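K.L.:
Let me begin by handing over the structure; questions about it come next.
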Amino acid sequence: MRNLSPKTLWQMPDEDFSRIIHQNRLASTSNHINFYAPSFMYYRTKYYSSSPTDFPTISVTAGKCALKCEHCGGRVLETMHPATTPEKLFELCRKLKLKGALGCLISGGCLPNGSVPLVNFIEAIWKIKRDLDLAVVVHTGVIDFQNAKALAESGIDAALIDVIGCDETIKKICKMNVTTKDYALSLDALDKSGVNFVPHIVVGLHFGKLNGELNALKMISRTKPSALVIIAFMPIRGTLMQDVQPPRPIDVARVIMTARMIFPDKPLVLGCMRPKGSHRIETDILAIRAGVDAIAFPAEEAIEFATARGLEASFSSLCCSQVYSDFKRLGES
């Protein structure tokens with residue numbers, strides 16, 4: 001791998017790339033792998049089952065989103081608990097805590113500028129951390145330094161941001177009047193704020209094809225994220241892209257392996273959003289070959305593949321973004 005650069009790996013024909021990934025020439029950062037199954041998706045295998053209460057998701061805009069992206073159309077928001085005022089957010093989290101919640105993801109629909117309207121919820125988030133002691137992860141969308149700093153001071157456990165590396169994809173798929181420069185500035189704001197932040201890259205967001213993922217990785221590499229999550233476009237029924245084919249498993253693996261080269265010491269995760277069925281089985285196994293440290297909602301076959309390779313596995317009901325904290329604890333033990 002000494003003479004292999006991320007650009008070379010990215011441009012490599014499928015046949016050559018497949019040969020390299022099956023030679024296992026890149027490894028994860030440790031001999032441990034974490035598997036995650038938070039509450040927002042039903043998950044049951046002979047190895048682990050998700051809890052219905054441990055880690056729910058919340059939308060501060062209920063089902064409203066100004067963008068109506070072609071791949072989502074607001075459908076994802078429909079699966080979340082609505083909490084449209086700071087008071088409702090705190091009360092909801094209090095009730096969730098009484099039911100056994102360990103943490104939550106606070107998200108919401110975006111404004112036209114690509115940001116999630118969190119500014120009025122900062123004090124409520126601070127109270128949730130202080131009074132309820134929940135792990136709190138927040139989706140930010142495009143964000144400036146002032147709001148990033150406010151989130152950091154609220155005590156959140158991590159800020160998540162989907163990073164898009166192509167202006168054409170931003171315009172055609174997400175309908176936003178922003179550019180990749182705005183994402184670069186958002187990453188810089190999160191980095192300078194001192195908050196733990198975990199960028200996400202959606203493989204195949206551009207109608208199922210690779211288009212900008214390498215640039216997104218380069219943008220992220222100019223900062224110091226706590227971890228990196230790779231997810232993949234999956235068609236959602238009722239959206240404008242419901243009939244679009246998802247990216248091939250080898251395309252997802254190419255992004256993961258390139259990320260492993262660029263971020264050799266950062267926790268690398270295959271996140272929750274990706275196609276199911278045989279596609280997931282193949283993707284998950286290739287992801288392990290490509291060097292991931294963690295997988296959300298892993299296929300049973302991937303768990304068996306990892307353990308057969310001698311990786312020590314552990315399971316968590318929290319968000320996979322917490323991998324940075326989990327691996328820190330492993331290093332200290």
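As shown in the structure tokens, the chain order sets the letters A, B, ...; within each chain, residues go from 1, and ligands are also counted from 1 in the order they appear.
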Based on DSSP run over this structure's backbone, return all residues of range 90-132 of chain A in alpha helix (DSSP H), as a PyMOL selection string.
P.N.:
chain A and resi 90-98+122-127
K.L.:
Please dump the current selection as a PDB file, in the first residue's frame; keep N, CA and C atoms.
P.N.:
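Output file selection-v1.pdb follows:
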ATOM      1  N   PHE A  90     -37.815  19.435  26.275  1.00  0.00           N
ATOM      2  CA  PHE A  90     -37.386  19.011  27.608  1.00  0.00           C
ATOM      3  C   PHE A  90     -38.373  18.013  28.208  1.00  0.00           C
ATOM      4  N   GLU A  91     -39.672  18.287  28.079  1.00  0.00           N
ATOM      5  CA  GLU A  91     -40.683  17.400  28.658  1.00  0.00           C
ATOM      6  C   GLU A  91     -40.651  16.028  27.981  1.00  0.00           C
ATOM      7  N   LEU A  92     -40.472  16.014  26.671  1.00  0.00           N
ATOM      8  CA  LEU A  92     -40.373  14.743  25.955  1.00  0.00           C
ATOM      9  C   LEU A  92     -39.170  13.947  26.456  1.00  0.00           C
ATOM     10  N   CYS A  93     -38.023  14.613  26.588  1.00  0.00           N
ATOM     11  CA  CYS A  93     -36.824  13.918  27.057  1.00  0.00           C
ATOM     12  C   CYS A  93     -36.997  13.427  28.494  1.00  0.00           C
ATOM     13  N   ARG A  94     -37.705  14.205  29.299  1.00  0.00           N
ATOM     14  CA  ARG A  94     -37.971  13.762  30.680  1.00  0.00           C
ATOM     15  C   ARG A  94     -38.788  12.473  30.679  1.00  0.00           C
ATOM     16  N   LYS A  95     -39.810  12.417  29.836  1.00  0.00           N
ATOM     17  CA  LYS A  95     -40.648  11.219  29.749  1.00  0.00           C
ATOM     18  C   LYS A  95     -39.869  10.030  29.179  1.00  0.00           C
ATOM     19  N   LEU A  96     -39.039  10.319  28.183  1.00  0.00           N
ATOM     20  CA  LEU A  96     -38.221   9.249  27.602  1.00  0.00           C
ATOM     21  C   LEU A  96     -37.242   8.688  28.632  1.00  0.00           C
ATOM     22  N   LYS A  97     -36.674   9.576  29.444  1.00  0.00           N
ATOM     23  CA  LYS A  97     -35.766   9.158  30.512  1.00  0.00           C
ATOM     24  C   LYS A  97     -36.484   8.228  31.491  1.00  0.00           C
ATOM     25  N   LEU A  98     -37.711   8.564  31.856  1.00  0.00           N
ATOM     26  CA  LEU A  98     -38.487   7.734  32.793  1.00  0.00           C
ATOM     27  C   LEU A  98     -38.781   6.360  32.200  1.00  0.00           C
ATOM     28  N   ILE A 122     -31.141  25.616  22.370  1.00  0.00           N
ATOM     29  CA  ILE A 122     -29.843  25.450  23.030  1.00  0.00           C
ATOM     30  C   ILE A 122     -29.990  25.345  24.548  1.00  0.00           C
ATOM     31  N   GLU A 123     -30.764  26.248  25.136  1.00  0.00           N
ATOM     32  CA  GLU A 123     -30.924  26.225  26.592  1.00  0.00           C
ATOM     33  C   GLU A 123     -31.630  24.952  27.044  1.00  0.00           C
ATOM     34  N   ALA A 124     -32.618  24.501  26.268  1.00  0.00           N
ATOM     35  CA  ALA A 124     -33.313  23.257  26.615  1.00  0.00           C
ATOM     36  C   ALA A 124     -32.362  22.070  26.550  1.00  0.00           C
ATOM     37  N   ILE A 125     -31.485  22.069  25.551  1.00  0.00           N
ATOM     38  CA  ILE A 125     -30.504  20.983  25.442  1.00  0.00           C
ATOM     39  C   ILE A 125     -29.561  21.003  26.642  1.00  0.00           C
ATOM     40  N   TRP A 126     -29.152  22.206  27.032  1.00  0.00           N
ATOM     41  CA  TRP A 126     -28.293  22.340  28.214  1.00  0.00           C
ATOM     42  C   TRP A 126     -28.976  21.774  29.451  1.00  0.00           C
ATOM     43  N   LYS A 127     -30.279  22.061  29.620  1.00  0.00           N
ATOM     44  CA  LYS A 127     -31.036  21.542  30.761  1.00  0.00           C
ATOM     45  C   LYS A 127     -31.184  20.019  30.687  1.00  0.00           C
TER      46      LYS A 127
END
K.L.:
Output as a tab-separated table one row per residue of range 35-137 of chain A within 8 Å of range 169-184 of chain A: the closest atom pair and its distance in Å to one decimal place, counting only C-alpha atoms, sorted by chain and residue number ascending.
P.N.:
residue	atom	partner	partner_atom	distance
A:Leu67	CA	A:Lys175	CA	6.0
A:Lys68	CA	A:Cys174	CA	7.3
A:Cys69	CA	A:Cys174	CA	4.3
A:Glu70	CA	A:Ile173	CA	5.2
A:His71	CA	A:Ile173	CA	6.8
A:Pro112	CA	A:Met176	CA	6.2
A:Asn113	CA	A:Asn177	CA	6.3
A:Gly114	CA	A:Met176	CA	6.3
K.L.:
Residues as selected, N, CA and C atoms, written as a tab-separated table (two decimals), in the first residue's frame, can you do that?
P.N.:
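As written to disk, again.tsv reads:
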chain	number	residue	atom	x	y	z
A	67	LEU	N	-36.79	21.89	2.48
A	67	LEU	CA	-36.04	21.47	1.31
A	67	LEU	C	-36.78	20.46	0.43
A	68	LYS	N	-37.37	19.45	1.05
A	68	LYS	CA	-38.00	18.36	0.30
A	68	LYS	C	-37.01	17.74	-0.69
A	69	CYS	N	-35.90	17.30	-0.15
A	69	CYS	CA	-34.87	16.67	-0.98
A	69	CYS	C	-35.46	15.49	-1.76
A	70	GLU	N	-34.92	15.23	-2.92
A	70	GLU	CA	-35.46	14.18	-3.77
A	70	GLU	C	-35.31	12.80	-3.14
A	71	HIS	N	-34.28	12.59	-2.33
A	71	HIS	CA	-34.05	11.26	-1.76
A	71	HIS	C	-34.83	11.02	-0.48
A	112	PRO	N	-34.17	26.76	4.32
A	112	PRO	CA	-33.66	26.85	2.94
A	112	PRO	C	-32.15	26.93	2.85
A	113	ASN	N	-31.48	27.43	3.89
A	113	ASN	CA	-30.01	27.54	3.85
A	113	ASN	C	-29.31	26.27	4.30
A	114	GLY	N	-30.07	25.20	4.52
A	114	GLY	CA	-29.47	23.91	4.86
A	114	GLY	C	-29.21	23.71	6.33
K.L.:
If you count only C-alpha atoms, which residues fall within 12 Å of Arg274 in chain A, apart from same-chain ones fewer than 5 positions away, as a PyMOL selection string?
P.N.:
chain A and resi 201-205+208+229-236+245-249+252+279-284+295-299
K.L.:
Report, in Å with one decimal, the straight-line distance from CA of Leu118 in chain A to CA of Asp54 in chain A.
P.N.:
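Computed distance, CA of Leu118 in chain A to CA of Asp54 in chain A, equals 22.8 Å.
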K.L.:
Determine which residues of range 58-171 of chain A receive a DSSP assignment of strand (DSSP E or B), computed from the backbone, and state them as a ChimeraX atom specification.
P.N.:
/A:58-59,81-82,103-107,115,135-139,141,158-162
K.L.:
For Leu111 in chain A, which of A:Leu214, A:Ala259, A:Cys65, A:Met273 is the closest residue, counting only C-alpha atoms?
P.N.:
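Using only C-alpha atoms, the shortest distance to Leu111 in chain A belongs to A:Cys65.
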K.L.:
Quick check, in Å to one decimal: how far apart do CA of Ile262 in chain A and CA of Ser278 in chain A lie?
P.N.:
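Separation between CA of Ile262 in chain A and CA of Ser278 in chain A: 28.6 Å.
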K.L.:
Excluding range 303-308 of chain A and its own-chain neighbours fewer than 4 positions away, which residues fall within 10 Å of it when counting only C-alpha atoms? Please give them as a list of chain:residue names.
P.N.:
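Non-adjacent residues within range: A:Asn31, A:His32, A:Ile33, A:Asn34, A:Phe35, A:Thr45, A:Tyr47, A:Ile281, A:Asp284, A:Ile285, A:Ile288, A:Arg289, A:Ile295, A:Pro298, A:Ala299, A:Glu312, A:Ala313.
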K.L.:
Rank nothing, just name the residue among A:Cys319, A:Leu311, A:Cys110, A:Ala290 nearest to His22 in chain A, using only C-alpha atoms.
P.N.:
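Going through A:Cys319, A:Leu311, A:Cys110, A:Ala290 one by one, the smallest distance to His22 in chain A is for A:Ala290.
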K.L.:
Using CA of Trp10 in chain A and CA of Asn211 in chain A as the two end points, give the distance in Å to one decimal.
P.N.:
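Separating CA of Trp10 in chain A from CA of Asn211 in chain A is a distance of 11.5 Å.
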K.L.:
When you look at range 2-9 of chain A with a cut-off of 7 Å (counting only C-alpha atoms), what residues show up, excluding the ones that are within fewer than 2 positions of it in the same chain? I need them as a PyMOL selection string.
P.N.:
chain A and resi 11-12+258+261-262
K.L.:
For Ser226 in chain A, which of A:Cys320, A:Val255, A:Leu151, A:Leu89 is the closest residue, counting only C-alpha atoms?
P.N.:
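Distance minimum relative to Ser226 in chain A lands on A:Cys320.
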K.L.:
Can you pull out every residue within 10 Å of Met80 in chain A, counting only C-alpha atoms, but drop anything in the same chain fewer than 5 positions away, and send it as a list in words?
P.N.:
Phe40, Pro56, Thr57, Ile58, Ser59, Val60, Ala62, Gly63, Arg75, Leu105, Ile106, Ser107 and Gly108 of chain A
K.L.:
Kindly export the residues of the current selection with C-alpha atoms, as a compact mmCIF listing (two decimals), in the first residue's frame.
P.N.:
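Output (selection10.txt):
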# COMPACT_ATOMS: atom_id res chain seq x y z
CA PHE A 40 -35.07 4.18 15.99
CA PRO A 56 -34.95 7.47 20.29
CA THR A 57 -34.87 10.23 17.67
CA ILE A 58 -36.54 13.64 17.96
CA SER A 59 -37.46 16.29 15.38
CA VAL A 60 -37.66 19.92 16.48
CA ALA A 62 -41.99 17.72 13.55
CA GLY A 63 -42.52 16.65 9.91
CA ARG A 75 -40.21 10.96 5.06
CA LEU A 105 -30.73 12.12 18.66
CA ILE A 106 -32.10 15.64 18.20
CA SER A 107 -32.67 16.47 14.56
CA GLY A 108 -35.23 18.19 12.37
K.L.:
Which of these residues is nearest to Leu240 in chain A, using only C-alpha atoms: A:Ala66, A:Leu187, A:Pro225, A:Cys72?
P.N.:
A:Cys72
K.L.:
For Tyr48 in chain A, which of A:Lys328, A:Leu210, A:Ser316, A:Cys166 is the closest residue, counting only C-alpha atoms?
P.N.:
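The answer is A:Ser316, which sits nearest to Tyr48 in chain A.
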